[in-house]
Every structure is written in structure tokens, then in C-alpha cells.
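Colleague: Sharing a structure here in C-alpha cells format.
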Number of protein chains: 2
Amino acid sequence: MNPQSPSPAVTIADIRKAADRIAPHAIRTPLLESPRLNDWLGFRLLVKCENLQHTGSFKLRGATNAVMSLPDSVTDVVAYSSGNHAQAVARAASRRGMNATIVMPEDAPALKIEGTKAYGAEVVTYDRYNESREEIGGAIAAERNAELIRPFEDVRVIAGQGTIGLEIASQCAELGATPDHVISCCGGGGLIAGTSLAVTSQIPGAKVWAAEPEGFDDTIRSLESGEILSVDPANRSICDAVVTPSPGEITFSINRNTLSGGFAVSDDLVLKVMATAFKHLKIVVEPGGAVAMAAALDGRLPAGTNCAVAVASGGNVDPEMFARALAAGPLF
Amino acid sequence: MNPQSPSPAVTIADIRKAADRIAPHAIRTPLLESPRLNDWLGFRLLVKCENLQHTGSFKLRGATNAVMSLPDSVTDVVAYSSGNHAQAVARAASRRGMNATIVMPEDAPALKIEGTKAYGAEVVTYDRYNESREEIGGAIAAERNAELIRPFEDVRVIAGQGTIGLEIASQCAELGATPDHVISCCGGGGLIAGTSLAVTSQIPGAKVWAAEPEGFDDTIRSLESGEILSVDPANRSICDAVVTPSPGEITFSINRNTLSGGFAVSDDLVLKVMATAFKHLKIVVEPGGAVAMAAALDGRLPAGTNCAVAVASGGNVDPEMFARALAAGPLF
């Protein structure tokens, strides 16, 4: 640990507790690989399939850990989310018999809005580019005396996402694989903060890297400069799950110590990687969920890599966007 | 066991041996479910994801068991296949350093022909409607002194496919689930013969059902009549993996004792089920691989079902066909 962070906000013990807490509600997602993909790459690539998690993304883990940690006196929860945390909080609240209100951008994928409602939540939409979801969510929480479950600036959420790192370590051991590198996508940084804490604790020597869409490389630039930087608000990407404007304070305090750096990938590459995952792994990955695989498949890892893990973080993609990926075609 | 079959061609001991033999080469595929799908159905549906198997289908199991059983003196293997057994034999032969020649219909999905070549096999194409693949394969086997690995009329292949049934039983036990019914697609009947032997042996009370495309319901009609019947050669279906003209003699001798019946499903339903699996399970299923899920989702199982397992047998589908499924849209 870097002396700048003598007392990390989240510990491996917190992640282990989260693993026990979410076990009845989440699945141990498979770690898949393709022999042809490995041959083409020249190293072994293991894909942690969080797209196959209940609700279609890793977000179920953090949301469930947070909701299941609440005292019985809490009856209402509120969240803001582009869609995956939304469905996850809705599902977790429903499992606990709580009411959920979710603030979502009006241009979120239709599938994500439909899913959030299907899990029993009330959905409030807002204008992603001109309104503040934090203000709207905070106002609703105050009005309804509800607990706000933030998407990444919450130690319970980070610990929940960290359970992915524990599973990566145990599944690699079962496969006899020792990954040199683990790549995860990075929006606000909750997934990679938890995952990197667990991976660096459990797999000695493994380096963890952030993958971000081009134009949303706030964590990569923040890591390089040593301070929290934001993206140009005019930037756009199809990777709706990971287009956060800047790293969180809690997540960055972890990631600055655990990450080795990052890679920014283009939307065009992401579409081709979605088609590659369709062809060679038979899985449905959404744009934001494909950025870590994209970095691996685009040769961004250091020379000499023998084995890497990429987190496929979600699969909630509308059919129109998936058809775009199929039309873009696979890398091979 | 029915007295008509006092000595089954394949035993549970053969299947257990196959499981040990293929363990280094195949994966234990996940048994997935979707909470939303379960709510919609009114019962718990567990999907055995053989589309996520190496080579993209269950066929790897039987082909690997057969190839790994051969004596070292064998240097060449031959197979005929619409594409999934083709890739499986090519992969298994390559793992053992043997040469493989595969006879495939000229109208097989491009993805399957490409995959078979990529695994190192020589591909010989033929006209599916006017030539006999058995004759062509037999002639090549004689000429090259090669071992012919039939797609289903081979006890080693049936035992290999049966390992799916062992995994279903152990994974259901891990989930605390006791399936009332298991549904598998049925072409020549090798998959369901092996699977039904294992399931009826390991899960007392579970019934096993065949799912076939409309117009290719040869096993269903053969079960009803008690003798092997064929389909009208003029029939067509998009379910290329399971459009065999009649049950095999070995497979039918097993299936007539282990199966409870079957369900025929339309191509239109299959496309919608592929879109449903895309939306709710985030997996890529090919048309033939979706027929078992189609029977379950179309309400064909007996009233009072609490839990069922459907085998998603493969995911090798060309992007054009998958785009057709996305356009057809999900069932909900």
C-alpha cells in the first residue's frame, strides 16, 4: 500500500463478508475462454462473465451487499443509474421487500428501463446532459426518508463488486492458471476498486488495468496526473454503462494504489469485440461490458503476457445496438 | 428398463468413464436461469449452456470421448456432420495429433465450415439433398485407413454426450433444485440418449422429453408408433443441427426406454426463443440449440411443473440468422 492511503476505505475482510452476504442472491459467474481466441491472441484470455449475472451485470453484487446490510427499519431505497445499478438495486430491494425509486437518464437503453420496472421499482427519468442525477436522487431520498444507494461512492457497493476478484482468484486456481494481468472496465471505478483490492491481495504479481471508452478516460488520466480529472462534457460514447464524468473520491483513493494504468478504446473497436464475443464465446456483451476485452484483443497488454483475465461486466444491450455490432463484424 | 432392451448399449458406468476421459478437454458448462424468465413461466427453468462449451456445442463431449478412446495406432479420423460434430471431431483429433477429414453439407452455416478448418481438419463438402454422407464418409475412411466417428450411432459418442446428464444432476443438487422434467433437442438422438440415461439414473422421478423442429419429429413419431420412422425428405427447417431424417438404431433402442415423449416446435417460435435467450440470459443460441427451450417456453410441459431443465445444445449461428432472431423479437 502507498503511504498516501494508510487505511483503505475497503478491506479484503469487507469483501469476504460481502461474498457471504450476497451468496444466496448472486451467482458465481463462469470464467470462460475460447481455444481459437487464445490461439489468435498468442496468450490465454479468461473472460469473467458478469453479463451472465442475474440482472445482466455485476452491479447486482454491490447493490445486494448494500441493501442486505441495511437495518430492518429502512423501508425505501433510492438510486441513480444509467441502468445496470438501477436493475440491481430494484432486484435487491424486491428480494428484501423494500420499495425502490430509481433515477435514470431518459436516453438509457429501453431494455434497462424495462428491466428496472420489471424488478418492481418506480423509475424517474431525467435529462443526462442538463440535470444532476445526484440532486434529483438526493431530493427524493430526503422526501421519502429513503436510503440512497450510490452506484460507486459507497464502501458497501465497492466491497460487493470486489467479490468478483475473489472468484477470479479461486477460478484461476481451479484452472491451473496464473494471470499476469486483469483488465476491468471503469466508469466511476467501483467495480475495478473492489476487484483490484481482491486480485492484488489474492494473486501475487498480477497487475490490474482499467479500460475506458475514448473520451471517457478520466481514471486513466487521473492515475497519470495523480489527481482527480474530469472528461469534456461534450464527449459521447455508445458505452452507456461507463460514461461517468470523473472518478469517485473513495474509488480513486483505492485505484491510485492498486492499478497499474489503463487503456482507452474506441466505439468502433468495442462493436467489433462484441461481434467477436458473439462468434467465439457465444455470449451477449453490451458496449460498456466489452471495453476490457477490447483492450486485451487490441494488443494493449505488455509483451510477454501468458495469461490475462478480462471482466465482461454486463450484457444489457438493445437488439438494435447488437445488430450494429454484428454488422461491424468480428476481429477474426 | 423395458424388457425389450435387457442389455442397454450404453451404461451409466460408460458415462462415468467418459466424464473422466473428457475432463481435461471439455468444460463443465454453467446451468443458468433468469429470475424474470422464471416469474413469467411460473416455474423454475434451468438452462444447461452447452453453447458455451468449447467449439460452441455439446458435440465436443462425444467426439472427444471417441477420439481419446482410440488406440495409438490410429492416425486418421473421418466424420460426417452438419457442422457441430465436425468442429468437435476436428478439435479432438487436433488435441491428439491425428489427421481429421470431415464431410459437410455445402449449405452448412459458414461459421461451422470455417470453425472446422480452423481446428485443423480437411473439409469435403457434398449436396445434402442428393448425395449420401454415409457413403462419402465410408469411402474416405476405407481409402485413408481412417477411423470413422459417426455423429450419433456410436456408443462412445453417446456415452460422451451423457456426461451432460451427470452434470445436470450434480448442478441441480448444488442449487437445491429437483427438476420434474428435462428437455433436450433431438436430431439422431445421441445427445438425448446419453443425457436421458444419466438423468433417469441420477434424478429419481425426473422425466426426459425430446424437442424437435416441426417436420423433423421423427423421434417423437417413432416413440409413439414403437418403430423407427422417417421424415418427409421434402421438409426443411432453419434448425440445421437437428434435421436428421430418422432416429438411429442404437439411439432409439435407448430412447424408447428412457423418454416420456416429445414436442415439435416451429421455426418461428425458435427465432423468438433465440431473441428471448439474448434478452434474458445474455447467451447466443443457434436455432437447433433453442428447440428445447422453445418447448419449455411455449408451455408444453405438463401442468404442475415446478422445475425443469432445458439443454441449450449449441451456439454456432451465422450473424445473418441471429439478426433474423433479433428482428423476430423475444416472447416477452
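By convention here, the chains of the C-alpha cells are called A, B, ... in the order presented, each chain's residues are numbered starting at 1, and ligands are numbered starting at 1 in the order presented.
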Show me, as number ranges by chain, every residue of chain A with an atom at most 10 Å from chain B, counting only C-alpha atoms.
Modeller: A: 27-36, 49, 51-57, 91, 111, 115, 118-119, 275, 277-286, 314-320, 322-327, 329
Colleague: Neighbours of region 193-201 of chain B within 9 Å (only C-alpha atoms; same-chain residues fewer than 2 positions away dropped), as number ranges by chain?
Modeller: B: 10-12, 15, 157-166, 168-169, 182, 184, 186, 189-191, 203-209, 250-255, 258-259
Colleague: Got time to write the residues from that selection, N, CA and C atoms, as a compact mmCIF listing (two decimals), in the first residue's frame?
Modeller:
# COMPACT_ATOMS: atom_id res chain seq x y z
N VAL B 10 -25.41 -48.61 -23.80
CA VAL B 10 -24.55 -47.71 -23.02
C VAL B 10 -25.03 -47.75 -21.58
N THR B 11 -24.09 -47.79 -20.65
CA THR B 11 -24.46 -47.84 -19.23
C THR B 11 -23.98 -46.59 -18.50
N ILE B 12 -24.47 -46.41 -17.31
CA ILE B 12 -24.04 -45.27 -16.51
C ILE B 12 -22.53 -45.37 -16.21
N ILE B 15 -20.73 -43.82 -19.03
CA ILE B 15 -20.82 -42.36 -18.98
C ILE B 15 -19.85 -41.80 -17.94
N VAL B 157 -19.68 -42.10 -28.50
CA VAL B 157 -20.25 -40.75 -28.66
C VAL B 157 -21.44 -40.57 -27.70
N ILE B 158 -22.30 -41.55 -27.64
CA ILE B 158 -23.48 -41.45 -26.75
C ILE B 158 -23.03 -41.32 -25.29
N ALA B 159 -22.03 -42.10 -24.90
CA ALA B 159 -21.54 -42.01 -23.52
C ALA B 159 -20.96 -40.63 -23.24
N GLY B 160 -20.26 -40.07 -24.21
CA GLY B 160 -19.71 -38.72 -24.04
C GLY B 160 -20.80 -37.68 -23.84
N GLN B 161 -21.83 -37.74 -24.68
CA GLN B 161 -22.94 -36.77 -24.54
C GLN B 161 -23.63 -36.96 -23.19
N GLY B 162 -23.63 -38.19 -22.68
CA GLY B 162 -24.29 -38.46 -21.41
C GLY B 162 -23.68 -37.73 -20.23
N THR B 163 -22.45 -37.27 -20.39
CA THR B 163 -21.83 -36.53 -19.28
C THR B 163 -22.61 -35.25 -18.95
N ILE B 164 -23.37 -34.75 -19.93
CA ILE B 164 -24.25 -33.60 -19.67
C ILE B 164 -25.27 -33.95 -18.59
N GLY B 165 -25.81 -35.17 -18.67
CA GLY B 165 -26.80 -35.59 -17.67
C GLY B 165 -26.21 -35.69 -16.28
N LEU B 166 -24.98 -36.18 -16.19
CA LEU B 166 -24.31 -36.24 -14.88
C LEU B 166 -24.15 -34.83 -14.31
N ILE B 168 -25.92 -32.12 -15.08
CA ILE B 168 -27.23 -31.58 -14.71
C ILE B 168 -27.61 -32.06 -13.31
N ALA B 169 -27.41 -33.34 -13.05
CA ALA B 169 -27.78 -33.90 -11.74
C ALA B 169 -26.97 -33.25 -10.62
N VAL B 182 -36.69 -32.81 -17.80
CA VAL B 182 -35.51 -32.38 -18.55
C VAL B 182 -35.87 -32.47 -20.02
N SER B 184 -34.43 -32.00 -23.98
CA SER B 184 -33.25 -31.88 -24.84
C SER B 184 -33.71 -31.92 -26.29
N CYS B 186 -33.33 -33.13 -30.21
CA CYS B 186 -33.10 -34.48 -30.70
C CYS B 186 -32.97 -34.45 -32.21
N GLY B 189 -30.42 -38.40 -32.05
CA GLY B 189 -30.79 -38.92 -30.74
C GLY B 189 -29.63 -39.26 -29.81
N GLY B 190 -28.41 -38.92 -30.19
CA GLY B 190 -27.26 -39.25 -29.36
C GLY B 190 -27.20 -38.43 -28.08
N LEU B 191 -27.45 -37.15 -28.20
CA LEU B 191 -27.43 -36.27 -27.03
C LEU B 191 -28.47 -36.72 -26.02
N ILE B 203 -31.55 -38.79 -11.16
CA ILE B 203 -32.60 -37.94 -10.59
C ILE B 203 -33.90 -38.75 -10.59
N PRO B 204 -34.18 -39.46 -9.51
CA PRO B 204 -35.39 -40.30 -9.47
C PRO B 204 -36.65 -39.46 -9.71
N GLY B 205 -37.50 -39.94 -10.60
CA GLY B 205 -38.76 -39.24 -10.85
C GLY B 205 -38.71 -38.24 -11.98
N ALA B 206 -37.51 -37.83 -12.40
CA ALA B 206 -37.42 -36.84 -13.48
C ALA B 206 -37.79 -37.49 -14.81
N LYS B 207 -38.62 -36.80 -15.59
CA LYS B 207 -38.97 -37.27 -16.92
C LYS B 207 -38.14 -36.54 -17.96
N VAL B 208 -37.79 -37.24 -19.02
CA VAL B 208 -36.98 -36.63 -20.08
C VAL B 208 -37.79 -36.60 -21.37
N TRP B 209 -37.77 -35.45 -22.04
CA TRP B 209 -38.58 -35.21 -23.23
C TRP B 209 -37.69 -34.75 -24.39
N ILE B 250 -29.20 -47.59 -32.53
CA ILE B 250 -28.68 -47.63 -31.15
C ILE B 250 -29.39 -46.58 -30.30
N THR B 251 -29.46 -45.35 -30.82
CA THR B 251 -30.06 -44.29 -30.01
C THR B 251 -31.53 -44.59 -29.72
N PHE B 252 -32.26 -45.11 -30.72
CA PHE B 252 -33.68 -45.39 -30.47
C PHE B 252 -33.87 -46.54 -29.49
N SER B 253 -32.94 -47.50 -29.51
CA SER B 253 -33.05 -48.61 -28.55
C SER B 253 -32.93 -48.11 -27.11
N ILE B 254 -32.22 -47.01 -26.93
CA ILE B 254 -32.13 -46.38 -25.61
C ILE B 254 -33.34 -45.48 -25.36
N ASN B 255 -33.61 -44.60 -26.32
CA ASN B 255 -34.62 -43.56 -26.10
C ASN B 255 -36.03 -44.13 -25.92
N THR B 258 -36.15 -44.64 -22.23
CA THR B 258 -35.85 -43.57 -21.27
C THR B 258 -36.73 -42.33 -21.43
N LEU B 259 -37.31 -42.12 -22.62
CA LEU B 259 -38.05 -40.87 -22.86
C LEU B 259 -39.53 -40.99 -22.55
Colleague: Would you give me, as a list in words, the residues in region 182-260 of chain A that DSSP reads as strand (DSSP E or B)?
Modeller: Val182, Ile183, Ser184, Cys185, Lys207, Val208, Trp209, Ala210, Ala211, Glu212, Pro213, Leu259 and Ser260 of chain A
Colleague: Go ahead and save the residues from that selection, with N, CA and C atoms, as a compact mmCIF listing (two decimals), in the first residue's frame.
Modeller:
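Everything below was put into out.txt:
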# COMPACT_ATOMS: atom_id res chain seq x y z
N VAL A 182 -5.09 -8.50 -15.06
CA VAL A 182 -6.55 -8.49 -15.00
C VAL A 182 -6.99 -7.12 -15.51
N ILE A 183 -7.93 -7.11 -16.46
CA ILE A 183 -8.44 -5.85 -17.01
C ILE A 183 -9.92 -5.75 -16.69
N SER A 184 -10.32 -4.59 -16.22
CA SER A 184 -11.73 -4.34 -15.94
C SER A 184 -12.11 -3.00 -16.53
N CYS A 185 -13.35 -2.88 -16.96
CA CYS A 185 -13.83 -1.57 -17.38
C CYS A 185 -13.91 -0.67 -16.16
N LYS A 207 -1.11 -7.76 -12.23
CA LYS A 207 -1.35 -6.33 -12.38
C LYS A 207 -2.79 -6.11 -12.83
N VAL A 208 -3.38 -5.03 -12.35
CA VAL A 208 -4.77 -4.72 -12.72
C VAL A 208 -4.81 -3.41 -13.50
N TRP A 209 -5.54 -3.44 -14.62
CA TRP A 209 -5.61 -2.31 -15.55
C TRP A 209 -7.05 -1.88 -15.78
N ALA A 210 -7.23 -0.57 -15.93
CA ALA A 210 -8.55 -0.03 -16.24
C ALA A 210 -8.73 0.08 -17.75
N ALA A 211 -9.91 -0.24 -18.24
CA ALA A 211 -10.26 0.01 -19.64
C ALA A 211 -11.41 1.00 -19.68
N GLU A 212 -11.28 2.04 -20.50
CA GLU A 212 -12.31 3.07 -20.58
C GLU A 212 -12.58 3.42 -22.04
N PRO A 213 -13.77 3.91 -22.33
CA PRO A 213 -14.03 4.37 -23.70
C PRO A 213 -13.22 5.63 -24.00
N LEU A 259 -4.00 0.08 -9.12
CA LEU A 259 -3.97 -0.08 -10.58
C LEU A 259 -2.59 0.21 -11.16
N SER A 260 -2.29 -0.48 -12.26
CA SER A 260 -1.03 -0.27 -12.97
C SER A 260 -1.16 0.71 -14.11
Colleague: Which polymer residues have any atom within 9 Å of an atom of Pro105 (chain A), counting only C-alpha atoms, with same-chain residues fewer than 4 positions away left out, as a ChimeraX atom specification?
Modeller: /A:80-83,124-129,133
Colleague: Env of Lys59 (chain A): 8 Å cut, atoms = only C-alpha atoms, seq-sep filter 2 positions within chain, self excluded. Answer as a PyMOL selection string.
Modeller: chain A and resi 57+61-63+84-85+88+161
Colleague: Using the selection just defined, write its residues with N, CA and C atoms as a short mmCIF file (atom, residue, chain, number, x, y, z; two decimals), in the first residue's frame.
Modeller:
data_model
loop_
_atom_site.label_atom_id
_atom_site.label_comp_id
_atom_site.auth_asym_id
_atom_site.auth_seq_id
_atom_site.Cartn_x
_atom_site.Cartn_y
_atom_site.Cartn_z
N SER A 57 -25.73 -7.91 -15.10
CA SER A 57 -24.47 -7.19 -14.88
C SER A 57 -23.96 -7.41 -13.46
N ARG A 61 -24.06 -7.40 -7.46
CA ARG A 61 -23.26 -7.73 -6.27
C ARG A 61 -23.19 -6.57 -5.28
N GLY A 62 -22.79 -5.40 -5.76
CA GLY A 62 -22.65 -4.25 -4.87
C GLY A 62 -23.98 -3.79 -4.32
N ALA A 63 -24.99 -3.75 -5.19
CA ALA A 63 -26.31 -3.30 -4.74
C ALA A 63 -26.86 -4.25 -3.68
N ASN A 84 -27.71 -0.32 -15.15
CA ASN A 84 -27.34 -1.61 -14.57
C ASN A 84 -27.44 -1.59 -13.04
N HIS A 85 -26.94 -0.52 -12.43
CA HIS A 85 -27.12 -0.36 -10.98
C HIS A 85 -28.62 -0.22 -10.67
N ALA A 88 -30.13 -3.59 -10.57
CA ALA A 88 -29.56 -4.32 -9.44
C ALA A 88 -30.19 -3.88 -8.12
N GLN A 161 -18.74 -5.47 -5.22
CA GLN A 161 -18.12 -5.68 -6.54
C GLN A 161 -16.80 -6.46 -6.39
#
Colleague: Identify all residues of region 74-275 of chain A in helix (DSSP H, G or I) (DSSP on the backbone) and supply them as a PyMOL selection string.
Modeller: chain A and resi 84-96+110-118+133-144+155-175+190-202+218-225+240-242+249-258+267-275
Colleague: List the neighbours of Val270 (chain A) out to 10 Å using only C-alpha atoms; skip same-chain residues closer than 6 positions along the sequence, and give me the result as a count of residues only.
Modeller: 17
Colleague: Would you pick out the contacts of Ala141 (chain A) at 12 Å or less, using only C-alpha atoms, so that residues sharing its chain but fewer than 2 positions from it are not included, and give the list as a list in words?
Modeller: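 Result of the neighbour search: Val74, Thr75, Asp76, Val77, Val78, Ala79, Tyr80, Asn99, Ala100, Thr101, Ile102, Val103, Arg133, Glu134, Glu135, Ile136, Gly137, Gly138, Ala139, Glu143, Arg144, Asn145, Ala146, Glu147, Leu148, Ile149 and Arg150 of chain A.
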Colleague: Between CA of Gly215 (chain A) and CA of Asn235 (chain A), what is the distance, to one decimal in Å?
Modeller: 5.7 Å
Colleague: For Ala303 (chain B), find every residue with an atom within 12 Å (counting only C-alpha atoms), except residues of its own chain fewer than 3 positions away, and show them as number ranges by chain.
Modeller: B: 41-43, 180-181, 296, 299-300, 306-308
Colleague: Distance CA of Gly176 (chain B)-CA of Pro24 (chain A), one decimal place?
Modeller: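 CA of Gly176 (chain B) sits 11.5 Å away from CA of Pro24 (chain A).
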Colleague: What is the CA of Thr64 (chain B)-CA of Leu46 (chain B) distance in Å, reported with one decimal?
Modeller: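 Rounded to one decimal, the two atoms are 25.5 Å apart.
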